[in-house]
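*Asks:* Mind looking over this structure? Questions follow.
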Amino acid sequence: MHFLSPILETYIANHSEDEPELLQELTRETHLKVIQPRMITGHFQGRVLSMLSKIIHPKYILEIGTYTGYSALCLAEGLQKDGELHTIEVNEELYPIQRRYFDKSGHGSQIHQHIGDALDIIPNLPQTFDLVFIDAQKVNYDAYFEAVIQKTRPGSIILSDNVLWSGKVVEPLQKSDKATEALLAYNQKLKEDNRVETVLLPIRDGLTLSRVL
């Protein structure tokens with residue numbers, strides 16, 4: 001489902017901050033070399049993540065789902081000078097391309113890569129995170145949320161990506177569609193959870209912003 005026409009999407013991108021050249025380069029390489037390149041964050045949403053991070057100015061960021069590193073690079077733009085970004089990816093084959101672009105960015109020493117299951121890694125991270133970005137397996141969103149909220153403080157922001165799931169959240173649910181089923185439950189949970197206040201933004205494939213109370 002396209003929420004906006006291609007013409008409007010182009011207009012929006014053209015009237016937002018330009019995409020940095022490094023991220024353009026990463027996008028090209030991702031499309032040439034990596035499976036499912038449509039998973040990359042992209043220009044407009046990347047600038048949204050960058051702006052949110054700059055507004056929050058976090059010391060510690062946690063990302064679940066690195067892919068090739070585009071969103072991590074956007075989020076790192078708002079880090080404090082002594083800040084850290086910890087990003088978790090289950091696919092170890094993506095590690096080299098991530099590291100190469102992280103080191104090109106000027107934030108390389110601040111970005112720490114973790115390979116493995118996020119649900120095993122998160123409990124062992126000692127930091128309290130100011131900003132969290134969830135963008136991994138949809139069936140695990142509830143579990144990710146419960147893990148990361150233990151690592152936040154009042155005022156921390158938790159971002160959840162792909163919560164509209166190409167519009168499937170408002171279509172008849174197919175019995176075999178576990179991802180949509182999980183997202184429907186997750187979206188309702190965030191609406192009702194008294195530990196956070198939440199707004200669902202119709203940005204790209206849906207981006208939920210939850211503020212920890």
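Each chain of the structure tokens is named A, B, ... in the order shown, its residues numbered from 1; ligands are numbered from 1 in display order.
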Mind checking which residues fall within 10 Å of Ile97 of chain A, counting only C-alpha atoms, ignoring those fewer than 2 positions away in the same chain, and posting them as number ranges by chain?

*Replies:* A: 26, 29-30, 33-34, 67-69, 93-95, 99-102

*Asks:* Write the residues you've just listed into a file as a CSV table (one decimal), in the first residue's frame, and include N, CA and C atoms for each of them.

*Replies:*
chain,number,residue,atom,x,y,z
A,26,LEU,N,26.1,4.4,0.5
A,26,LEU,CA,25.7,3.2,1.2
A,26,LEU,C,24.5,2.6,0.5
A,29,GLU,N,25.5,0.8,-2.7
A,29,GLU,CA,26.2,-0.5,-2.4
A,29,GLU,C,25.2,-1.5,-1.9
A,30,THR,N,24.3,-1.1,-1.1
A,30,THR,CA,23.3,-2.0,-0.5
A,30,THR,C,22.4,-2.6,-1.7
A,33,LYS,N,24.6,-5.2,-3.7
A,33,LYS,CA,25.3,-6.3,-3.1
A,33,LYS,C,24.5,-7.1,-2.0
A,34,VAL,N,23.4,-6.5,-1.5
A,34,VAL,CA,22.7,-7.1,-0.4
A,34,VAL,C,21.3,-7.5,-0.7
A,67,TYR,N,20.9,-3.9,9.8
A,67,TYR,CA,20.9,-4.2,8.4
A,67,TYR,C,22.3,-3.7,7.9
A,68,THR,N,22.4,-2.7,6.9
A,68,THR,CA,23.7,-2.3,6.5
A,68,THR,C,24.2,-1.0,7.2
A,69,GLY,N,23.4,-0.5,8.1
A,69,GLY,CA,23.9,0.6,9.0
A,69,GLY,C,23.4,1.9,8.7
A,93,GLU,N,27.0,-11.6,8.4
A,93,GLU,CA,27.6,-11.3,7.1
A,93,GLU,C,27.5,-9.8,6.8
A,94,LEU,N,26.7,-9.1,7.5
A,94,LEU,CA,26.5,-7.7,7.2
A,94,LEU,C,27.6,-6.8,8.0
A,95,TYR,N,28.3,-7.5,8.9
A,95,TYR,CA,29.2,-6.8,9.8
A,95,TYR,C,30.2,-5.9,9.0
A,99,ARG,N,30.7,-1.8,9.3
A,99,ARG,CA,31.9,-1.3,10.0
A,99,ARG,C,32.6,-0.3,9.0
A,100,ARG,N,32.6,-0.6,7.7
A,100,ARG,CA,33.3,0.2,6.8
A,100,ARG,C,32.6,1.6,6.7
A,101,TYR,N,31.3,1.6,6.7
A,101,TYR,CA,30.6,2.9,6.6
A,101,TYR,C,30.6,3.6,7.9
A,102,PHE,N,30.5,2.9,9.0
A,102,PHE,CA,30.6,3.6,10.3
A,102,PHE,C,32.0,4.3,10.5

*Asks:* Could you jot down the atom CA of Leu75 of chain A to atom CA of Leu4 of chain A separation for me, Å, one decimal place?

*Replies:*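 These atoms are spaced 24.8 Å apart.
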
*Asks:* Measure the distance from atom CA of Gln36 of chain A to atom CA of Leu22 of chain A in Å and round it to one decimal.

*Replies:* 20.1 Å

*Asks:* When DSSP is applied to the backbone of this structure, which of segment 13-142 of chain A are assigned strand (DSSP E)? Write them out as a ChimeraX atom specification.

*Replies:* /A:60-64,84-89,111-115,129-134

*Asks:* For C-alpha atoms, I'd like the residues from the last selection saved as a compact mmCIF listing (two decimals), in the first residue's frame.

*Replies:*
# COMPACT_ATOMS: atom_id res chain seq x y z
CA TYR A 60 23.27 6.43 24.69
CA ILE A 61 21.35 5.01 21.72
CA LEU A 62 20.26 1.41 21.22
CA GLU A 63 19.25 0.05 17.82
CA ILE A 64 17.73 -3.39 17.23
CA GLU A 84 27.68 5.74 22.29
CA LEU A 85 25.40 3.92 19.88
CA HIS A 86 24.94 0.18 20.34
CA THR A 87 23.43 -1.62 17.37
CA ILE A 88 22.40 -5.28 17.21
CA GLU A 89 22.18 -7.42 14.06
CA ILE A 111 29.25 2.97 17.24
CA HIS A 112 29.45 -0.49 18.82
CA GLN A 113 28.27 -3.50 16.84
CA HIS A 114 26.72 -6.57 18.44
CA ILE A 115 26.02 -9.75 16.48
CA PHE A 129 19.43 4.42 26.86
CA ASP A 130 18.00 7.82 25.97
CA LEU A 131 16.87 6.71 22.51
CA VAL A 132 15.93 3.25 21.23
CA PHE A 133 15.09 2.24 17.65
CA ILE A 134 13.32 -1.11 17.13

*Asks:* Which residues, written as a list in words, have at least one atom at most 10 Å from Lys151 of chain A, with only C-alpha atoms counted and residues fewer than 4 positions away on the same chain left out?

*Replies:*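 The filter keeps Leu62, Ile122, Pro123, Leu125, Pro126, Gln127, Thr128, Phe129, Asp130, Val132, Phe145, Glu146, Ala147 and Ser156 of chain A.
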
*Asks:* Output the selection as an mmCIF file, in the first residue's frame - C-alpha atoms for each residue.

*Replies:*
data_model
loop_
_atom_site.group_PDB
_atom_site.id
_atom_site.type_symbol
_atom_site.label_atom_id
_atom_site.label_comp_id
_atom_site.auth_asym_id
_atom_site.auth_seq_id
_atom_site.Cartn_x
_atom_site.Cartn_y
_atom_site.Cartn_z
ATOM 1 C CA LEU A 62 20.262 1.405 21.218
ATOM 2 C CA ILE A 122 20.103 -6.444 25.662
ATOM 3 C CA PRO A 123 20.003 -7.698 29.288
ATOM 4 C CA LEU A 125 24.201 -4.058 28.223
ATOM 5 C CA PRO A 126 25.006 -1.830 31.222
ATOM 6 C CA GLN A 127 23.824 1.468 29.712
ATOM 7 C CA THR A 128 20.563 3.306 30.303
ATOM 8 C CA PHE A 129 19.427 4.421 26.861
ATOM 9 C CA ASP A 130 18.002 7.821 25.970
ATOM 10 C CA VAL A 132 15.926 3.253 21.234
ATOM 11 C CA PHE A 145 9.940 -3.545 23.902
ATOM 12 C CA GLU A 146 9.816 -5.325 27.253
ATOM 13 C CA ALA A 147 13.586 -5.830 27.142
ATOM 14 C CA SER A 156 13.602 8.218 27.029
#

*Asks:* Given only C-alpha atoms, how would the per-residue table for segment 14-119 of chain A near segment 199-205 of chain A read, listing every residue at most 9 Å away with its closest atom pair and distance in Å to one decimal, sorted by chain and number, as JSON lines?

*Replies:*
{"residue": "A:Phe44", "atom": "CA", "partner": "A:Arg204", "partner_atom": "CA", "distance": 8.2}
{"residue": "A:Gln45", "atom": "CA", "partner": "A:Arg204", "partner_atom": "CA", "distance": 6.7}
{"residue": "A:Val48", "atom": "CA", "partner": "A:Ile203", "partner_atom": "CA", "distance": 8.7}

*Asks:* Write to file, as a PDB file, in the first residue's frame, the residues of the selection just made, with C-alpha atoms.

*Replies:*
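Written out: out_18.pdb:
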ATOM      1  CA  PHE A  44      13.305  10.888   4.072  1.00  0.00           C
ATOM      2  CA  GLN A  45      12.936   8.574   7.051  1.00  0.00           C
ATOM      3  CA  VAL A  48      13.529  12.153  10.338  1.00  0.00           C
TER       4      VAL A  48
END

*Asks:* Quick one, how far is atom CA of Asn91 of chain A from atom CA of Met39 of chain A?

*Replies:* 13.7 Å
